[in-house]
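Next up, upload-v3.cif (mmCIF, C-alpha atoms and all ligand atoms):
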data_target
#
loop_
_atom_site.label_atom_id
_atom_site.label_comp_id
_atom_site.auth_asym_id
_atom_site.auth_seq_id
_atom_site.Cartn_x
_atom_site.Cartn_y
_atom_site.Cartn_z
CA MET A 1 2.20 -215.69 2.47
CA THR A 2 1.36 -217.06 -0.97
CA PRO A 3 0.02 -214.38 -3.34
CA ALA A 4 -2.61 -215.04 -6.00
CA PRO A 5 -0.96 -216.49 -9.10
CA PHE A 6 -0.92 -214.34 -12.22
CA GLY A 7 -2.39 -215.31 -15.58
CA ALA A 8 -1.91 -213.65 -18.93
CA ARG A 9 -3.82 -212.97 -22.10
CA LEU A 10 -2.42 -212.05 -25.51
CA ASP A 11 -4.68 -210.84 -28.32
CA ASP A 12 -3.54 -210.66 -31.95
CA VAL A 13 -0.02 -209.86 -30.85
CA VAL A 14 2.54 -208.98 -33.51
CA VAL A 15 6.19 -208.16 -32.77
CA ARG A 16 8.42 -206.89 -35.57
CA PHE A 17 12.12 -206.11 -35.21
CA GLY A 18 14.32 -204.04 -37.44
CA ALA A 19 17.73 -205.47 -38.45
CA GLN A 20 20.34 -205.09 -35.71
CA ARG A 21 23.35 -206.65 -34.03
CA ARG A 22 22.99 -208.14 -30.57
CA LEU A 23 25.16 -209.81 -27.96
CA THR A 24 24.54 -213.49 -27.18
CA ALA A 25 24.74 -214.96 -23.68
CA GLU A 26 28.18 -216.36 -24.61
CA GLY A 27 29.44 -212.86 -25.43
CA SER A 28 29.65 -213.09 -29.23
CA THR A 29 27.84 -210.71 -31.56
CA ILE A 30 25.21 -211.98 -33.97
CA LYS A 31 23.30 -210.12 -36.63
CA ASP A 32 19.53 -210.36 -36.56
CA GLU A 33 18.06 -209.70 -39.96
CA GLY A 34 14.93 -208.39 -38.33
CA GLY A 35 11.44 -209.46 -39.31
CA THR A 36 8.34 -210.70 -37.60
CA ALA A 37 9.08 -212.52 -34.36
CA LEU A 38 5.42 -212.96 -33.34
CA ASP A 39 2.75 -213.04 -35.99
CA GLY A 40 -0.77 -212.74 -34.61
CA VAL A 41 -0.53 -214.58 -31.31
CA THR A 42 -3.77 -215.03 -29.38
CA LEU A 43 -3.28 -217.03 -26.23
CA ASP A 44 -4.46 -217.53 -22.67
CA LEU A 45 -1.92 -218.55 -20.05
CA ARG A 46 -3.72 -220.09 -17.11
CA PRO A 47 -2.86 -218.90 -13.62
CA GLY A 48 -1.51 -221.38 -11.07
CA VAL A 49 -0.08 -223.97 -13.45
CA ILE A 50 3.30 -224.79 -14.95
CA THR A 51 3.18 -224.17 -18.68
CA GLY A 52 5.83 -225.39 -21.09
CA ILE A 53 6.68 -222.96 -23.88
CA LEU A 54 8.15 -225.00 -26.72
CA GLY A 55 9.40 -224.10 -30.16
CA ARG A 56 12.42 -224.48 -32.38
CA ASN A 57 15.21 -221.88 -32.51
CA GLY A 58 13.78 -218.51 -33.49
CA ALA A 59 10.16 -219.60 -32.98
CA GLY A 60 9.45 -216.53 -30.85
CA LYS A 61 9.53 -217.98 -27.31
CA SER A 62 11.81 -215.37 -25.74
CA THR A 63 10.01 -212.59 -27.55
CA LEU A 64 6.67 -213.75 -26.17
CA LEU A 65 8.02 -214.16 -22.64
CA SER A 66 9.72 -210.77 -22.70
CA LEU A 67 6.37 -209.11 -23.48
CA LEU A 68 4.87 -210.54 -20.29
CA ALA A 69 7.77 -209.18 -18.22
CA ALA A 70 7.60 -205.74 -19.86
CA PHE A 71 11.06 -206.17 -21.37
CA ASN A 72 9.45 -205.37 -24.71
CA ARG A 73 6.18 -204.06 -26.18
CA PRO A 74 4.03 -205.52 -28.93
CA THR A 75 4.12 -203.79 -32.30
CA GLU A 76 0.40 -204.61 -32.62
CA GLY A 77 -2.18 -206.24 -30.37
CA THR A 78 -2.54 -206.33 -26.60
CA VAL A 79 -0.80 -208.14 -23.77
CA ARG A 80 -2.38 -208.26 -20.33
CA VAL A 81 -1.07 -209.83 -17.15
CA GLY A 82 -2.53 -210.06 -13.66
CA ALA A 83 -4.55 -211.93 -11.07
CA GLY A 84 -8.20 -212.99 -11.41
CA ASP A 85 -10.13 -210.49 -13.53
CA LEU A 86 -7.60 -207.75 -12.94
CA LEU A 87 -5.38 -207.95 -16.00
CA GLU A 88 -3.21 -204.98 -16.95
CA GLU A 89 -0.73 -204.13 -19.67
CA PRO A 90 2.76 -204.86 -18.33
CA TRP A 91 4.65 -202.03 -20.04
CA GLU A 92 5.76 -199.39 -17.48
CA ASN A 93 3.39 -200.96 -14.96
CA PRO A 94 5.05 -201.23 -11.52
CA TRP A 95 2.39 -203.57 -10.15
CA VAL A 96 3.00 -206.08 -12.93
CA THR A 97 6.78 -205.77 -13.00
CA ALA A 98 7.05 -206.23 -9.21
CA ASN A 99 5.13 -209.48 -9.51
CA VAL A 100 6.81 -210.97 -12.57
CA GLN A 101 10.22 -212.60 -12.31
CA PHE A 102 11.78 -213.18 -15.72
CA VAL A 103 14.98 -215.21 -15.75
CA ARG A 104 16.66 -215.32 -19.12
CA GLU A 105 19.36 -217.72 -20.26
CA SER A 106 21.95 -215.04 -19.56
CA GLY A 107 20.77 -214.95 -15.93
CA ASP A 108 20.86 -211.12 -16.00
CA LEU A 109 23.38 -211.20 -13.17
CA MET A 110 25.37 -208.24 -11.94
CA ASP A 111 28.86 -209.31 -12.97
CA ASP A 112 30.73 -206.90 -10.67
CA GLU A 113 28.79 -207.83 -7.54
CA ARG A 114 29.02 -210.84 -5.29
CA VAL A 115 26.07 -213.22 -5.57
CA SER A 116 25.09 -212.23 -2.02
CA GLU A 117 24.79 -208.59 -3.14
CA THR A 118 22.66 -209.54 -6.13
CA PHE A 119 20.38 -211.39 -3.74
CA LYS A 120 20.05 -208.29 -1.53
CA TYR A 121 18.97 -206.37 -4.61
CA TYR A 122 16.29 -208.97 -5.37
CA ALA A 123 15.19 -209.04 -1.73
CA ASP A 124 14.35 -205.32 -2.08
CA LEU A 125 12.77 -205.73 -5.49
CA ARG A 126 10.61 -208.80 -4.96
CA PRO A 127 7.91 -208.61 -2.28
CA TYR A 128 7.83 -212.38 -1.74
CA TRP A 129 11.59 -213.05 -1.83
CA ASP A 130 12.57 -215.99 0.41
CA ALA A 131 16.16 -215.56 1.60
CA ASP A 132 16.20 -218.98 3.30
CA LEU A 133 15.23 -220.70 0.09
CA ALA A 134 17.84 -218.70 -1.83
CA GLY A 135 20.54 -219.80 0.64
CA ARG A 136 19.44 -223.41 0.58
CA LEU A 137 19.43 -223.52 -3.23
CA LEU A 138 22.94 -222.06 -3.35
CA ASP A 139 24.02 -224.91 -1.06
CA THR A 140 22.28 -227.44 -3.31
CA PHE A 141 24.02 -226.02 -6.37
CA GLU A 142 27.32 -225.71 -4.44
CA ILE A 143 27.77 -222.00 -5.08
CA GLN A 144 29.55 -219.72 -2.64
CA PRO A 145 27.58 -216.49 -2.19
CA ARG A 146 30.76 -214.42 -1.89
CA LYS A 147 31.73 -215.22 -5.49
CA LYS A 148 31.03 -212.86 -8.37
CA PRO A 149 29.30 -214.23 -11.48
CA THR A 150 32.50 -213.74 -13.49
CA GLN A 151 34.19 -216.26 -11.15
CA LEU A 152 31.54 -218.91 -11.84
CA SER A 153 31.28 -221.49 -14.61
CA ARG A 154 28.46 -221.20 -17.19
CA GLY A 155 26.39 -223.85 -15.44
CA LYS A 156 26.84 -222.26 -12.01
CA ARG A 157 25.79 -218.88 -13.41
CA SER A 158 22.63 -220.54 -14.73
CA ALA A 159 22.08 -222.05 -11.30
CA VAL A 160 22.26 -218.58 -9.73
CA GLY A 161 19.62 -217.45 -12.24
CA ALA A 162 17.49 -220.48 -11.38
CA THR A 163 17.86 -219.68 -7.68
CA ILE A 164 16.67 -216.12 -8.23
CA GLY A 165 13.74 -217.40 -10.28
CA LEU A 166 12.55 -219.70 -7.49
CA ALA A 167 13.43 -217.59 -4.45
CA ALA A 168 11.57 -214.57 -5.86
CA ARG A 169 8.33 -216.58 -5.44
CA ALA A 170 6.78 -214.22 -7.98
CA PRO A 171 3.10 -214.79 -8.88
CA LEU A 172 4.36 -215.08 -12.47
CA THR A 173 7.74 -216.81 -12.75
CA ILE A 174 9.28 -217.06 -16.20
CA LEU A 175 12.25 -219.35 -16.72
CA ASP A 176 13.57 -218.96 -20.25
CA GLU A 177 16.15 -221.66 -21.02
CA VAL A 178 17.82 -221.16 -17.67
CA TYR A 179 19.46 -224.60 -17.75
CA LEU A 180 22.25 -223.64 -20.18
CA GLY A 181 25.58 -225.11 -19.13
CA MET A 182 24.08 -227.03 -16.19
CA ASP A 183 25.15 -230.65 -16.08
CA ALA A 184 22.48 -233.37 -15.93
CA PRO A 185 22.49 -233.87 -12.11
CA THR A 186 22.16 -230.11 -11.60
CA ARG A 187 19.32 -229.86 -14.10
CA TYR A 188 17.44 -232.70 -12.42
CA ALA A 189 18.01 -231.11 -9.01
CA PHE A 190 16.62 -227.87 -10.46
CA TYR A 191 13.49 -229.61 -11.81
CA ASP A 192 12.92 -231.27 -8.44
CA GLU A 193 13.28 -227.92 -6.67
CA ILE A 194 10.74 -226.34 -9.03
CA LEU A 195 8.20 -229.06 -8.29
CA ALA A 196 8.81 -229.06 -4.54
CA ASP A 197 8.55 -225.28 -4.16
CA TYR A 198 5.61 -225.02 -6.55
CA ALA A 199 3.72 -227.64 -4.51
CA GLU A 200 4.18 -225.58 -1.34
CA HIS A 201 3.76 -222.16 -2.94
CA PRO A 202 1.52 -222.53 -5.99
CA ARG A 203 2.16 -219.90 -8.62
CA THR A 204 2.28 -219.53 -12.37
CA ILE A 205 5.46 -220.81 -13.94
CA LEU A 206 6.32 -220.51 -17.62
CA LEU A 207 9.24 -222.67 -18.61
CA SER A 208 10.87 -222.65 -22.01
CA SER A 209 13.29 -225.42 -22.85
CA HIS A 210 14.70 -227.39 -25.76
CA LEU A 211 15.17 -230.42 -23.50
CA VAL A 212 11.60 -231.56 -24.01
CA GLU A 213 12.09 -235.12 -22.77
CA GLU A 214 13.54 -233.88 -19.49
CA VAL A 215 10.93 -231.29 -18.66
CA GLU A 216 7.67 -232.67 -20.01
CA ARG A 217 6.81 -234.24 -16.63
CA LEU A 218 6.64 -230.72 -15.14
CA PHE A 219 4.02 -229.36 -17.54
CA GLU A 220 0.32 -229.02 -16.88
CA ASP A 221 -0.20 -226.91 -20.03
CA VAL A 222 1.88 -226.80 -23.18
CA VAL A 223 2.20 -224.08 -25.82
CA VAL A 224 4.01 -224.85 -29.08
CA LEU A 225 5.17 -221.84 -31.08
CA HIS A 226 6.37 -222.08 -34.64
CA ARG A 227 7.59 -219.19 -36.76
CA GLY A 228 5.90 -216.66 -34.53
CA ARG A 229 2.54 -218.41 -34.42
CA VAL A 230 0.82 -220.65 -31.89
CA LEU A 231 0.63 -224.17 -33.30
CA LEU A 232 -0.92 -225.67 -30.24
CA ALA A 233 -1.98 -224.59 -26.74
CA GLU A 234 -3.64 -227.08 -24.46
CA PRO A 235 -3.34 -229.10 -21.24
CA ALA A 236 -0.52 -231.65 -21.37
CA GLU A 237 -3.08 -234.38 -20.69
CA GLU A 238 -4.97 -233.53 -23.89
CA MET A 239 -1.72 -233.49 -25.76
CA GLN A 240 -0.95 -236.96 -24.45
CA SER A 241 -4.19 -238.23 -25.96
CA ARG A 242 -3.03 -237.23 -29.45
CA GLY A 243 -0.95 -240.37 -29.76
CA PHE A 244 0.55 -243.44 -28.15
CA SER A 245 3.58 -245.67 -28.45
CA LEU A 246 3.92 -249.37 -29.19
CA THR A 247 6.97 -251.30 -28.04
CA GLY A 248 7.62 -254.91 -28.93
CA PRO A 249 8.79 -257.35 -31.62
CA VAL A 250 9.15 -255.64 -35.02
CA ALA A 251 6.65 -257.77 -36.96
CA ALA A 252 3.93 -257.49 -34.30
CA VAL A 253 4.39 -253.76 -33.91
CA ASP A 254 4.35 -253.21 -37.69
CA GLU A 255 1.12 -255.19 -37.95
CA LEU A 256 -0.57 -253.09 -35.25
CA ALA A 257 0.80 -249.83 -36.68
CA ARG A 258 -0.42 -250.48 -40.23
CA GLY A 259 -2.58 -247.65 -41.61
CA ARG A 260 -1.68 -245.25 -38.83
CA ARG A 261 0.43 -242.13 -39.07
CA GLU A 262 3.87 -242.71 -37.57
CA LEU A 263 5.45 -239.89 -35.58
CA HIS A 264 8.66 -241.62 -34.60
CA ARG A 265 10.39 -245.00 -34.82
CA GLN A 266 13.28 -246.31 -32.75
CA ARG A 267 14.87 -249.72 -33.18
CA LEU A 268 16.36 -251.40 -30.10
CA GLY A 269 17.84 -254.66 -31.39
CA ALA A 270 14.96 -257.08 -32.05
CA THR A 271 12.53 -254.66 -30.45
CA VAL A 272 11.06 -251.53 -31.97
CA GLN A 273 9.24 -248.57 -30.45
CA VAL A 274 6.95 -246.59 -32.70
CA THR A 275 4.95 -243.52 -31.79
CA LEU A 276 1.61 -243.24 -33.59
CA GLU A 277 -0.95 -240.50 -33.97
CA GLY A 278 -4.46 -241.05 -32.57
CA ALA A 279 -5.77 -243.30 -29.80
CA PRO A 280 -5.53 -247.10 -29.67
CA ASP A 281 -8.93 -248.69 -30.31
CA ASP A 282 -10.16 -251.81 -28.49
CA GLY A 283 -8.95 -254.09 -31.29
CA ALA A 284 -5.43 -252.64 -31.17
CA THR A 285 -5.34 -252.91 -27.38
CA ALA A 286 -6.41 -256.56 -27.45
CA GLY A 287 -4.06 -257.31 -30.37
CA ALA A 288 -1.15 -255.69 -28.54
CA ARG A 289 -1.81 -257.72 -25.43
CA ALA A 290 -1.95 -260.95 -27.41
CA ALA A 291 1.26 -260.17 -29.31
CA GLY A 292 3.27 -259.08 -26.27
CA VAL A 293 3.39 -255.46 -27.44
CA GLU A 294 3.39 -252.75 -24.80
CA ILE A 295 1.18 -249.69 -25.26
CA GLY A 296 2.67 -246.53 -23.77
CA SER A 297 1.92 -242.83 -23.57
CA LEU A 298 2.90 -240.32 -26.23
CA PRO A 299 6.35 -238.81 -25.74
CA LEU A 300 5.82 -235.04 -26.09
CA GLN A 301 9.14 -234.75 -27.90
CA ASP A 302 7.86 -236.93 -30.77
CA LEU A 303 4.74 -234.82 -31.21
CA PHE A 304 6.77 -231.62 -30.99
CA VAL A 305 9.22 -232.75 -33.67
CA ARG A 306 6.39 -233.87 -35.94
CA LEU A 307 4.49 -230.61 -35.53
CA THR A 308 7.45 -228.41 -36.29
CA GLN A 309 9.24 -230.39 -38.99
CA ASP A 310 9.37 -229.79 -42.76
CA GLY A 311 10.05 -226.11 -42.20
CA GLY A 312 6.65 -225.73 -40.64
CA SER A 313 4.62 -226.78 -43.68
CA GLY A 314 4.57 -230.29 -42.26
CA ALA A 315 2.81 -229.20 -39.11
CA SER A 316 -0.21 -231.43 -38.78
CA SER A 317 -3.24 -229.45 -39.86
CA THR A 318 -5.39 -231.31 -37.35
CA ALA A 319 -3.09 -230.28 -34.52
CA ALA A 320 -2.97 -226.69 -35.74
CA GLU A 321 -6.75 -226.58 -35.97
CA ALA A 322 -7.13 -228.19 -32.57
CA GLY A 323 -4.70 -225.66 -31.13
CA THR A 324 -6.80 -222.84 -32.50
CA SER A 325 -10.02 -224.28 -31.15
CA ALA A 326 -8.41 -224.90 -27.75
CA ARG A 327 -7.52 -221.23 -27.59
CA GLU A 328 -10.88 -220.11 -28.84
CA GLY A 329 -12.58 -222.43 -26.37
CA ARG A 330 -10.96 -220.47 -23.58
CA ARG A 331 -12.03 -217.06 -24.84
N1 LIG B 1 16.28 -207.77 -30.51
C1 LIG B 1 16.03 -208.34 -31.68
N2 LIG B 1 16.26 -207.72 -32.84
C2 LIG B 1 15.99 -208.28 -34.03
N3 LIG B 1 15.46 -209.50 -34.16
C3 LIG B 1 15.22 -210.20 -33.03
C4 LIG B 1 15.48 -209.65 -31.73
N4 LIG B 1 15.12 -210.57 -30.80
C5 LIG B 1 14.67 -211.64 -31.49
N5 LIG B 1 14.72 -211.41 -32.82
C6 LIG B 1 14.30 -212.33 -33.89
O1 LIG B 1 12.97 -212.74 -33.59
C7 LIG B 1 12.80 -214.13 -33.88
C8 LIG B 1 12.33 -214.84 -32.63
O2 LIG B 1 13.40 -214.82 -31.69
P1 LIG B 1 13.26 -215.41 -30.24
O3 LIG B 1 14.53 -215.12 -29.53
O4 LIG B 1 11.99 -214.93 -29.63
O5 LIG B 1 13.12 -216.97 -30.55
P2 LIG B 1 13.27 -218.20 -29.56
O6 LIG B 1 12.13 -219.11 -29.87
O7 LIG B 1 13.41 -217.75 -28.16
O8 LIG B 1 14.62 -218.85 -30.09
P3 LIG B 1 15.76 -219.73 -29.33
O9 LIG B 1 15.15 -221.05 -29.00
O10 LIG B 1 16.80 -219.86 -30.38
O11 LIG B 1 16.20 -218.97 -28.13
C9 LIG B 1 14.13 -214.61 -34.42
O12 LIG B 1 14.08 -214.59 -35.82
C10 LIG B 1 15.12 -213.61 -33.89
O13 LIG B 1 16.23 -213.50 -34.75
#
Please render this file's structure as structure tokens.
Amino acid sequence: MTPAPFGARLDDVVVRFGAQRRLTAEGSTIKDEGGTALDGVTLDLRPGVITGILGRNGAGKSTLLSLLAAFNRPTEGTVRVGAGDLLEEPWENPWVTANVQFVRESGDLMDDERVSETFKYYADLRPYWDADLAGRLLDTFEIQPRKKPTQLSRGKRSAVGATIGLAARAPLTILDEVYLGMDAPTRYAFYDEILADYAEHPRTILLSSHLVEEVERLFEDVVVLHRGRVLLAEPAEEMQSRGFSLTGPVAAVDELARGRRELHRQRLGATVQVTLEGAPDDGATAGARAAGVEIGSLPLQDLFVRLTQDGGSGASSTAAEAGTSAREGRR
């Protein structure tokens, strides 16, 4: 049975931390100075789609995701999660926590237990747990269920976390940088498994990643956080229409790009690829065709870098404004 996917709504959410030491996934201790991790976040997360949660280090992604899974509470504002019109605060809410699977980069695995035992625990905890899928994914990732997490490499531990995330089939599945340590073939296998299982069992998936180029094909919606604020929240398709790329001989591309804001430039011998803000007009399209220049879609990575560069002050005001109106349009 496929349950109704969960959506979420955050209103004016602020999260402040005091200074403290914490353990990283690699086992070292780091000191957090404390401060404001989320600074007035208002956001709708649509049910039944895969949403990419992007942001530079410390942008507030994990903090935001942990609120939805009731791992944390907002200092100010409200967080609500649920299906249809029934949205409830997650904190100490068994209905929400049973239906939200949060997989963090650490995997949250039970180090002293065999993987098979951890899976039994999740089978009891998660109403929609699919043991067959869990077993099949372990085969795909070449992990023996009798091993304990301490006997596994970093990438294999991540793969166990990824397996739990998918096999839980939770109406809200949150995958927070779960690819750490996975090699490229494993990551691509993981992305394919997400898409295949999501197609058969639609649900809401939030995926945070720094590997934007790899994961952008998965996203239907994209949220960009920067310094605790939402810079942009909109369907990936709309984001694509914010720019385009031109690839071809340098002189021809430069001519077509003149007067436009450049997001990125990459030289490949005699050929150059530039990413430009805005949409190509008819003249540019005709000119490109005549000059043998290829017009392509906007790589999300280029927009992301542009939005979040210059310490945040360089974030395009038009994009920031559009992000705000996109959110307000969904109110
Ligand atoms: N438990 C905590 N105590 C104190 N400060 C914290 C705590 N957790 C997060 N922070 C701080 O809140 C801010 C946002 O952190 P968060 O982990 O949400 O960012 P992130 O976008 O997930 O970063 P990354 O991509 O590096 O994982 C950072 O400045 C971080 O140092």
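All residues of protein, DNA or RNA that reach within 8 Å of stretch 76-83 of chain A, judged by only C-alpha atoms and not counting those fewer than 2 positions away in the chain, are Ala4, Pro5, Phe6, Gly7, Ala8, Arg9, Leu10, Asp11, Asp12, Val13, Val14, Val15, Gly40, Pro47, Leu67, Leu68, Pro74, Asp85, Leu86, Leu87, Glu88, Glu89, Pro90 and Val96 of chain A.
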field: Expected answer as number ranges by chain: residues within 6 Å of ligand LIG 1 (chain B), all atoms listed in the file
entry: A: 17-20, 32, 34, 37, 55-63
message: Quick one: residues within 9 Å of A:Glu294, only C-alpha atoms, excluding same-chain residues fewer than 3 positions away - as a list in words?
response: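 Residues near the query, excluding close chain neighbours: Ser245, Leu246, Thr247, Gly248, Ala288, Arg289 and Ala291 of chain A.
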- request: Tell me, in Å to one decimal, how far atom CA of A:Leu276 is from atom CA of A:Leu54.
  value: 20.6 Å
- prompt: Skipping near chain neighbours, those fewer than 5 positions away, what residues fall within 9 Å of A:Leu152 using all atoms listed in the file, listed as a ChimeraX atom specification?
  reply: /A:143,147,157
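Distance-wise, atom CA of A:Thr186 and atom CA of A:Ser66 end up 25.5 Å apart.
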- request: Kindly indicate which residue among A:Gln144, A:Gln266, A:Thr204, A:Ser297 lies nearest to A:Val253, using only C-alpha atoms for the distances.
  value: A:Gln266
- request: Go through A:Ile295, A:Val230, A:Ala251, A:Ala279 and flag the residue nearest A:Leu307, using only C-alpha atoms for the distances.
  value: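 Nearest to A:Leu307: A:Val230.
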